[in-house]
file final-v6.pdb (PDB, C-alpha atoms and all ligand atoms)
ATOM      1  CA  MET A 278       0.000   0.000   0.000
ATOM      2  CA  THR A 279       1.134   3.570  -0.663
ATOM      3  CA  GLN A 280       2.491   5.189   2.502
ATOM      4  CA  PHE A 281       0.877   8.436   3.712
ATOM      5  CA  ALA A 282       1.946  10.751   6.525
ATOM      6  CA  SER A 283      -0.542   9.993   9.336
ATOM      7  CA  SER A 284      -2.150  13.458   9.036
ATOM      8  CA  ALA A 285      -2.763  12.918   5.335
ATOM      9  CA  VAL A 286      -4.368   9.470   5.376
ATOM     10  CA  PRO A 287      -7.058   9.796   2.708
ATOM     11  CA  LEU A 288     -10.690   9.068   3.420
ATOM     12  CA  LEU A 289     -10.779   6.741   0.433
ATOM     13  CA  HIS A 290      -7.827   5.326  -1.423
ATOM     14  CA  ALA A 291      -7.717   3.091  -4.482
ATOM     15  CA  ASP A 292      -4.407   1.287  -4.674
ATOM     16  CA  GLY A 293      -3.567  -0.457  -7.947
ATOM     17  CA  VAL A 294      -7.217  -1.233  -8.686
ATOM     18  CA  SER A 295      -8.044  -3.117 -11.895
ATOM     19  CA  SER A 296     -11.221  -4.530 -13.383
ATOM     20  CA  ILE A 297     -11.410  -7.437 -15.796
ATOM     21  CA  ARG A 298     -14.951  -8.313 -16.859
ATOM     22  CA  SER A 299     -15.840 -11.079 -19.300
ATOM     23  CA  GLY A 300     -12.122 -11.383 -20.068
ATOM     24  CA  ARG A 301     -11.843  -7.694 -21.005
ATOM     25  CA  VAL A 302      -9.663  -5.216 -19.120
ATOM     26  CA  LEU A 303     -11.857  -2.221 -18.268
ATOM     27  CA  PHE A 304      -9.228  -0.330 -16.292
ATOM     28  CA  SER A 305      -5.890  -1.239 -14.853
ATOM     29  CA  GLN A 306      -3.792  -0.199 -11.848
ATOM     30  CA  LEU A 307      -5.892   2.829 -10.878
ATOM     31  CA  GLN A 308      -4.277   4.849  -8.136
ATOM     32  CA  PHE A 309      -6.075   7.758  -6.497
ATOM     33  CA  ALA A 310      -6.744   9.211  -3.063
ATOM     34  CA  VAL A 311      -9.882  11.098  -2.041
ATOM     35  CA  GLN A 312      -9.552  13.471   0.907
ATOM     36  CA  SER A 313     -12.430  14.589   3.133
ATOM     37  CA  GLY A 314     -14.196  17.623   1.719
ATOM     38  CA  GLU A 315     -13.410  16.772  -1.899
ATOM     39  CA  ILE A 316     -15.760  16.045  -4.771
ATOM     40  CA  TRP A 317     -14.558  13.619  -7.435
ATOM     41  CA  GLN A 318     -16.202  13.143 -10.792
ATOM     42  CA  ILE A 319     -15.408   9.915 -12.635
ATOM     43  CA  THR A 320     -15.784  10.499 -16.366
ATOM     44  CA  GLY A 321     -15.484   8.258 -19.408
ATOM     45  CA  ALA A 322     -17.335   6.911 -22.419
ATOM     46  CA  ASN A 323     -20.254   4.488 -22.158
ATOM     47  CA  GLY A 324     -18.872   1.155 -21.015
ATOM     48  CA  ALA A 325     -15.578   2.584 -19.712
ATOM     49  CA  GLY A 326     -16.270   1.106 -16.281
ATOM     50  CA  LYS A 327     -17.513   4.062 -14.210
ATOM     51  CA  SER A 328     -20.352   2.181 -12.496
ATOM     52  CA  THR A 329     -18.048  -0.796 -12.033
ATOM     53  CA  LEU A 330     -15.516   1.404 -10.261
ATOM     54  CA  LEU A 331     -18.175   2.964  -8.013
ATOM     55  CA  ARG A 332     -19.435  -0.488  -7.028
ATOM     56  CA  MET A 333     -15.874  -1.450  -6.144
ATOM     57  CA  LEU A 334     -15.525   1.682  -4.009
ATOM     58  CA  THR A 335     -18.662   0.698  -2.082
ATOM     59  CA  GLY A 336     -17.429  -2.863  -1.523
ATOM     60  CA  LEU A 337     -20.261  -4.387  -3.575
ATOM     61  CA  LEU A 338     -17.774  -5.677  -6.135
ATOM     62  CA  GLN A 339     -14.262  -7.013  -5.588
ATOM     63  CA  PRO A 340     -11.474  -5.468  -7.660
ATOM     64  CA  SER A 341      -9.783  -7.964  -9.986
ATOM     65  CA  GLU A 342      -6.505  -6.576  -8.637
ATOM     66  CA  GLY A 343      -5.615  -4.047  -5.967
ATOM     67  CA  ARG A 344      -7.432  -2.839  -2.904
ATOM     68  CA  ILE A 345      -9.658  -0.025  -1.623
ATOM     69  CA  TYR A 346      -8.904   1.599   1.730
ATOM     70  CA  PHE A 347     -11.176   3.663   3.993
ATOM     71  CA  ASN A 348      -9.296   5.812   6.500
ATOM     72  CA  GLY A 349      -6.254   3.645   5.818
ATOM     73  CA  ASN A 350      -8.017   0.308   6.403
ATOM     74  CA  PRO A 351      -9.018  -2.194   3.703
ATOM     75  CA  ILE A 352     -12.770  -1.694   3.270
ATOM     76  CA  GLU A 353     -13.521  -5.397   3.722
ATOM     77  CA  LYS A 354     -11.946  -5.232   7.196
ATOM     78  CA  VAL A 355     -14.029  -2.256   8.382
ATOM     79  CA  ARG A 356     -17.174  -3.029   6.399
ATOM     80  CA  ASP A 357     -19.747  -2.150   9.087
ATOM     81  CA  ASP A 358     -18.086   1.100  10.080
ATOM     82  CA  TYR A 359     -17.563   1.988   6.413
ATOM     83  CA  HIS A 360     -21.160   1.297   5.438
ATOM     84  CA  GLN A 361     -22.452   3.404   8.328
ATOM     85  CA  GLN A 362     -20.604   6.382   6.897
ATOM     86  CA  LEU A 363     -21.487   5.696   3.284
ATOM     87  CA  LEU A 364     -24.512   6.605   1.201
ATOM     88  CA  TYR A 365     -24.585   4.946  -2.215
ATOM     89  CA  ILE A 366     -27.200   5.812  -4.810
ATOM     90  CA  GLY A 367     -26.880   3.604  -7.859
ATOM     91  CA  HIS A 368     -27.781   4.077 -11.482
ATOM     92  CA  LYS A 369     -31.450   3.219 -11.025
ATOM     93  CA  ALA A 370     -33.760   5.458  -9.007
ATOM     94  CA  ALA A 371     -34.226   2.724  -6.334
ATOM     95  CA  VAL A 372     -37.525   3.972  -4.981
ATOM     96  CA  LYS A 373     -40.415   1.753  -3.972
ATOM     97  CA  PRO A 374     -43.002   2.316  -6.734
ATOM     98  CA  GLU A 375     -45.866   1.011  -4.598
ATOM     99  CA  LEU A 376     -45.189   3.571  -1.852
ATOM    100  CA  THR A 377     -46.057   7.263  -2.022
ATOM    101  CA  ALA A 378     -43.330   9.898  -2.158
ATOM    102  CA  LEU A 379     -43.973  10.693   1.518
ATOM    103  CA  GLU A 380     -43.802   7.023   2.509
ATOM    104  CA  ASN A 381     -40.547   6.632   0.588
ATOM    105  CA  VAL A 382     -38.986   9.475   2.576
ATOM    106  CA  TYR A 383     -40.327   8.040   5.846
ATOM    107  CA  TRP A 384     -38.835   4.599   5.142
ATOM    108  CA  GLN A 385     -35.545   6.016   3.934
ATOM    109  CA  ARG A 386     -35.197   7.692   7.312
ATOM    110  CA  ARG A 387     -36.023   4.458   9.126
ATOM    111  CA  LEU A 388     -33.607   2.418   7.021
ATOM    112  CA  ASN A 389     -30.949   4.997   7.790
ATOM    113  CA  GLY A 390     -31.426   4.099  11.457
ATOM    114  CA  ASP A 391     -33.462   7.151  12.455
ATOM    115  CA  THR A 392     -35.619   5.768  15.253
ATOM    116  CA  ASN A 393     -37.325   9.146  15.628
ATOM    117  CA  ALA A 394     -38.704   8.893  12.123
ATOM    118  CA  LYS A 395     -42.263   8.985  13.394
ATOM    119  CA  ASN A 396     -41.604  12.339  15.046
ATOM    120  CA  GLN A 397     -39.886  13.722  11.997
ATOM    121  CA  GLN A 398     -42.844  14.043   9.690
ATOM    122  CA  GLN A 399     -42.403  17.802   9.483
ATOM    123  CA  SER A 400     -38.854  17.243   8.232
ATOM    124  CA  ASP A 401     -40.146  14.784   5.653
ATOM    125  CA  TRP A 402     -42.513  17.451   4.347
ATOM    126  CA  ASP A 403     -39.674  19.991   4.319
ATOM    127  CA  VAL A 404     -37.529  17.660   2.237
ATOM    128  CA  LEU A 405     -40.363  17.062  -0.208
ATOM    129  CA  GLU A 406     -40.847  20.809  -0.499
ATOM    130  CA  GLN A 407     -37.130  21.388  -1.148
ATOM    131  CA  LEU A 408     -37.272  18.916  -4.002
ATOM    132  CA  GLY A 409     -40.392  20.442  -5.542
ATOM    133  CA  LEU A 410     -42.523  17.405  -4.700
ATOM    134  CA  LEU A 411     -45.213  19.095  -2.634
ATOM    135  CA  GLY A 412     -48.615  18.262  -4.048
ATOM    136  CA  LEU A 413     -47.307  14.874  -5.221
ATOM    137  CA  GLU A 414     -46.707  13.409  -1.750
ATOM    138  CA  GLU A 415     -49.701  11.052  -1.884
ATOM    139  CA  GLU A 416     -49.028   9.797  -5.442
ATOM    140  CA  PHE A 417     -47.629   6.308  -5.854
ATOM    141  CA  THR A 418     -44.000   6.883  -6.748
ATOM    142  CA  GLY A 419     -44.257   4.411  -9.630
ATOM    143  CA  LEU A 420     -46.763   6.746 -11.299
ATOM    144  CA  LEU A 421     -44.467   9.789 -11.184
ATOM    145  CA  SER A 422     -42.338  10.900 -14.143
ATOM    146  CA  ALA A 423     -38.722   9.695 -14.402
ATOM    147  CA  GLY A 424     -37.406  13.047 -13.152
ATOM    148  CA  GLN A 425     -39.893  13.142 -10.270
ATOM    149  CA  GLN A 426     -38.907   9.582  -9.285
ATOM    150  CA  ARG A 427     -35.256  10.629  -9.366
ATOM    151  CA  ARG A 428     -36.135  13.542  -7.066
ATOM    152  CA  VAL A 429     -37.798  11.118  -4.636
ATOM    153  CA  ALA A 430     -34.635   8.966  -4.709
ATOM    154  CA  LEU A 431     -32.476  12.034  -4.081
ATOM    155  CA  THR A 432     -34.414  12.938  -0.926
ATOM    156  CA  ARG A 433     -31.929  10.523   0.679
ATOM    157  CA  LEU A 434     -29.290  13.240   0.298
ATOM    158  CA  TRP A 435     -31.405  15.464   2.540
ATOM    159  CA  CYS A 436     -32.157  12.714   5.099
ATOM    160  CA  SER A 437     -28.880  10.836   5.464
ATOM    161  CA  GLN A 438     -26.177  11.555   8.019
ATOM    162  CA  ALA A 439     -23.539   9.736   5.926
ATOM    163  CA  LYS A 440     -20.300  11.653   5.368
ATOM    164  CA  LEU A 441     -19.340   9.939   2.115
ATOM    165  CA  TRP A 442     -21.715   9.966  -0.826
ATOM    166  CA  ILE A 443     -21.084   7.683  -3.792
ATOM    167  CA  LEU A 444     -23.502   8.618  -6.562
ATOM    168  CA  ASP A 445     -23.932   7.003  -9.952
ATOM    169  CA  GLU A 446     -25.298   9.464 -12.515
ATOM    170  CA  PRO A 447     -27.355  11.470  -9.986
ATOM    171  CA  PHE A 448     -28.401  14.034 -12.619
ATOM    172  CA  THR A 449     -30.147  11.456 -14.812
ATOM    173  CA  SER A 450     -33.644  12.658 -15.815
ATOM    174  CA  LEU A 451     -33.364  15.914 -13.827
ATOM    175  CA  ASP A 452     -34.325  19.210 -15.430
ATOM    176  CA  VAL A 453     -32.091  22.304 -15.346
ATOM    177  CA  GLU A 454     -33.558  23.498 -12.051
ATOM    178  CA  GLY A 455     -33.132  20.025 -10.511
ATOM    179  CA  ILE A 456     -29.470  19.915 -11.559
ATOM    180  CA  ALA A 457     -28.824  23.327 -10.004
ATOM    181  CA  LEU A 458     -30.619  22.270  -6.797
ATOM    182  CA  LEU A 459     -28.508  19.144  -6.552
ATOM    183  CA  GLN A 460     -25.267  21.035  -7.079
ATOM    184  CA  GLN A 461     -26.285  23.413  -4.271
ATOM    185  CA  ARG A 462     -26.853  20.380  -2.021
ATOM    186  CA  PHE A 463     -23.384  19.111  -2.956
ATOM    187  CA  ILE A 464     -21.864  22.446  -1.888
ATOM    188  CA  GLU A 465     -23.686  22.307   1.478
ATOM    189  CA  HIS A 466     -22.483  18.739   2.047
ATOM    190  CA  LEU A 467     -18.866  19.614   1.203
ATOM    191  CA  ASN A 468     -18.995  22.696   3.435
ATOM    192  CA  GLN A 469     -20.096  20.453   6.292
ATOM    193  CA  GLY A 470     -17.001  18.274   5.793
ATOM    194  CA  GLY A 471     -18.701  15.713   3.553
ATOM    195  CA  THR A 472     -17.114  14.006   0.571
ATOM    196  CA  ILE A 473     -18.586  12.982  -2.796
ATOM    197  CA  VAL A 474     -17.477  10.534  -5.473
ATOM    198  CA  MET A 475     -19.786  10.460  -8.462
ATOM    199  CA  THR A 476     -20.136   9.688 -12.128
ATOM    200  CA  SER A 477     -21.773  12.013 -14.576
ATOM    201  CA  HIS A 478     -21.788  12.570 -18.305
ATOM    202  CA  GLN A 479     -22.967  16.067 -17.453
ATOM    203  CA  PRO A 480     -20.340  18.725 -16.678
ATOM    204  CA  LEU A 481     -20.556  20.053 -13.118
ATOM    205  CA  ASN A 482     -20.701  23.727 -13.846
ATOM    206  CA  ASP A 483     -20.998  25.362 -10.433
ATOM    207  CA  PRO A 484     -17.685  27.198  -9.915
ATOM    208  CA  GLN A 485     -18.033  26.756  -6.134
ATOM    209  CA  LEU A 486     -17.510  22.997  -6.457
ATOM    210  CA  PRO A 487     -13.887  22.047  -5.697
ATOM    211  CA  LEU A 488     -13.920  19.452  -8.432
ATOM    212  CA  GLN A 489     -11.357  16.675  -8.970
ATOM    213  CA  GLN A 490     -11.700  14.469 -12.015
ATOM    214  CA  LEU A 491     -10.686  10.968 -12.920
ATOM    215  CA  ALA A 492     -11.107  10.066 -16.595
ATOM    216  CA  LEU A 493     -11.385   6.404 -17.525
ATOM    217  CA  ALA A 494     -10.121   5.497 -20.987
ATOM    218  CA  ALA A 495     -12.662   4.544 -23.652
ATOM    219  CA  PRO A 496     -13.108   0.789 -23.990
ATOM    220  CA  GLN A 497     -11.371  -0.923 -26.897
ATOM    221  CA  TYR A 498     -13.293  -3.710 -28.594
ATOM    222  CA  GLU A 499     -11.804  -6.305 -30.902
ATOM    223  CA  MET A 500     -13.835  -7.023 -34.019
ATOM    224  CA  LEU A 501     -15.219 -10.517 -34.221
ATOM    225  CA  ALA A 502     -13.951 -12.486 -37.234
ATOM    226  CA  SER A 503     -16.437 -12.237 -40.109
TER     227      SER A 503
HETATM  228  N1  LIG B 601     -22.201  -8.149 -14.240
HETATM  229  C1  LIG B 601     -21.393  -7.975 -15.293
HETATM  230  N2  LIG B 601     -20.684  -8.993 -15.806
HETATM  231  C2  LIG B 601     -19.850  -8.812 -16.863
HETATM  232  N3  LIG B 601     -19.660  -7.630 -17.462
HETATM  233  C3  LIG B 601     -20.345  -6.589 -16.975
HETATM  234  C4  LIG B 601     -21.239  -6.686 -15.880
HETATM  235  N4  LIG B 601     -21.754  -5.471 -15.617
HETATM  236  C5  LIG B 601     -21.205  -4.647 -16.533
HETATM  237  N5  LIG B 601     -20.365  -5.303 -17.330
HETATM  238  C6  LIG B 601     -19.588  -4.751 -18.434
HETATM  239  O1  LIG B 601     -18.626  -3.869 -17.930
HETATM  240  C7  LIG B 601     -18.447  -2.789 -18.842
HETATM  241  C8  LIG B 601     -18.489  -1.487 -18.077
HETATM  242  O2  LIG B 601     -19.824  -1.304 -17.559
HETATM  243  P1  LIG B 601     -20.147  -0.043 -16.632
HETATM  244  O3  LIG B 601     -21.607  -0.108 -16.352
HETATM  245  O4  LIG B 601     -19.214  -0.016 -15.486
HETATM  246  O5  LIG B 601     -19.794   1.172 -17.625
HETATM  247  P2  LIG B 601     -20.083   2.726 -17.454
HETATM  248  O6  LIG B 601     -18.795   3.440 -17.735
HETATM  249  O7  LIG B 601     -20.733   3.009 -16.161
HETATM  250  O8  LIG B 601     -21.076   2.971 -18.666
HETATM  251  P3  LIG B 601     -22.286   4.028 -18.913
HETATM  252  O9  LIG B 601     -21.659   5.380 -19.165
HETATM  253  O10 LIG B 601     -22.932   3.483 -20.146
HETATM  254  O11 LIG B 601     -23.187   3.992 -17.709
HETATM  255  C9  LIG B 601     -19.516  -2.927 -19.919
HETATM  256  O12 LIG B 601     -18.927  -3.417 -21.102
HETATM  257  C10 LIG B 601     -20.491  -3.924 -19.337
HETATM  258  O13 LIG B 601     -21.038  -4.747 -20.343
END
call {"tool": "encode", "arguments": {"input": "final-v6.pdb", "output": "structure tokens", "more": "lines below"}}
Ligand SMILES: Nc1ncnc2c1ncn2[C@@H]1O[C@H](COP(=O)(O)OP(=O)(O)OP(=O)(O)O)[C@@H](O)[C@H]1O
result
Amino acid sequence: MTQFASSAVPLLHADGVSSIRSGRVLFSQLQFAVQSGEIWQITGANGAGKSTLLRMLTGLLQPSEGRIYFNGNPIEKVRDDYHQQLLYIGHKAAVKPELTALENVYWQRRLNGDTNAKNQQQSDWDVLEQLGLLGLEEEFTGLLSAGQQRRVALTRLWCSQAKLWILDEPFTSLDVEGIALLQQRFIEHLNQGGTIVMTSHQPLNDPQLPLQQLALAAPQYEMLAS
């Protein structure tokens, strides 16, 4: 493992991380260190391996080579502690379509370990208001538009106490106002000492975001013999 001065141990560190899927090398020997308070955007063409890398950072997928460290410890050795401090929102909206928007927020709070969720209904309404979902709170989430469902999924960013957010294409389906709202939320989170690692095909255009970027190379495909 790369040696760091104790004061500079990164929050998250990828050390020689490679991915080989279906016999194809997606990326090889990635080396990067994410410090608290930073926002990292992973970029790359379709199929470059961005979602794969995010899943490795969460511990959902094992690297083919190399290791991921959280506060200097291999993530598999501190899994419970790591997952308590991590919020991962994947590519799909991951909302319960048969629950209303309000019920989704309520259960997200509960699943995040908030035992006061029942007393927090006012906060749930506040979150829905922030995300422009007032008036839709009693609709089944599955009946909302793609962008509205994404907004319901993103309410987790207003409810969670997690310090590290790992977000796969969070801007998908959002309109211009939704993208601006989300970038404002990112700034608040970073100002409170939070950290974000995300993928996006969309440029992050808010100059207040202290953006770091990691570009994955485009995948190379061999032609099948004709
Ligand atoms: N479970 C799997 N088993 C084998 N190969 C997979 C699996 N999941 C994804 N892949 C392959 O890994 C490659 C990278 O996929 P990934 O979803 O990480 O790309 P991406 O950069 O996030 O793409 P996009 O920009 O389209 O979302 C793709 O070629 C995909 O087919």
call {"tool": "residues_around", "arguments": {"input": "final-v6.pdb", "residues": "A:Thr418", "least_positions_apart": "5", "cutoff": "10 Å", "atoms": "all atoms listed in the file", "output": "list in words"}}
result
Val372, Lys373, Pro374, Glu375, Leu376, Thr377, Ala378, Leu379, Glu380, Asn381, Leu413, Ala423, Gln425, Gln426, Arg427, Val429 and Ala430 of chain A
call {"tool": "residues_near_ligand", "arguments": {"input": "final-v6.pdb", "ligand": "ligand LIG 601 (chain B)", "cutoff": "12 Å", "atoms": "only C-alpha atoms and all ligand atoms", "output": "ChimeraX atom specification"}}
result
/A:296-304,319-333,337-339,367-369,444-447,449,475-479,492-498
call {"tool": "axis_aligned_box", "arguments": {"input": "final-v6.pdb", "around": "stretch 472-479 of chain A", "padding_each_side": "8 Å", "output": "lines of an AutoDock Vina configuration file"}}
result
center_x = -20.0
center_y = 12.9
center_z = -8.9
size_x = 21.9
size_y = 22.4
size_z = 34.9
call {"tool": "atom_distance", "arguments": {"input": "final-v6.pdb", "atom1": "atom CA of A:Ala370", "atom2": "atom CA of A:Asn348"}}
result
29.0 Å
call {"tool": "atom_distance", "arguments": {"input": "final-v6.pdb", "atom1": "atom CA of A:Ser450", "atom2": "atom CA of A:Leu410"}}
result
15.0 Å
call {"tool": "closest_atom_pairs", "arguments": {"input": "final-v6.pdb", "of": "stretch 285-400 of chain A", "to": "stretch 480-489 of chain A", "cutoff": "7 Å", "atoms": "all atoms listed in the file", "output": "tab-separated table"}}
result
residue	atom	partner	partner_atom	distance
A:Glu315	CA	A:Pro487	CA	6.5
A:Ile316	CA	A:Leu488	CA	5.3
A:Trp317	CA	A:Gln489	CA	4.7
A:Gln318	CA	A:Gln489	CA	6.3
call {"tool": "residues_near_point", "arguments": {"input": "final-v6.pdb", "point": "(-33.8, 22.2, -7.7)", "cutoff": "12 Å", "atoms": "only C-alpha atoms", "output": "ChimeraX atom specification"}}
result
/A:404-410,424-425,427-428,431-432,448,451-463
call {"tool": "resolve_selection", "arguments": {"input": "final-v6.pdb", "expression": "the PyMOL selection byres (((chain A and resi 345) around 12) and not hetatm)", "output": "MDAnalysis selection string"}}
result
chainID A and resid 278:279 287:295 306:311 330:344 346:356 359
call {"tool": "atom_distance", "arguments": {"input": "final-v6.pdb", "atom1": "atom CA of A:Ser305", "atom2": "atom CA of A:Leu364"}}
result
25.8 Å
call {"tool": "residues_around", "arguments": {"input": "final-v6.pdb", "residues": "stretch 468-472 of chain A", "least_positions_apart": "3", "cutoff": "6 Å", "atoms": "all atoms listed in the file", "output": "PyMOL selection string"}}
result
chain A and resi 313-316+440-441+465
call {"tool": "closest_residue", "arguments": {"input": "final-v6.pdb", "among": "A:Ile366, A:Leu491, A:Arg387, A:Leu411", "to": "A:Ile443", "atoms": "only C-alpha atoms"}}
result
A:Ile366
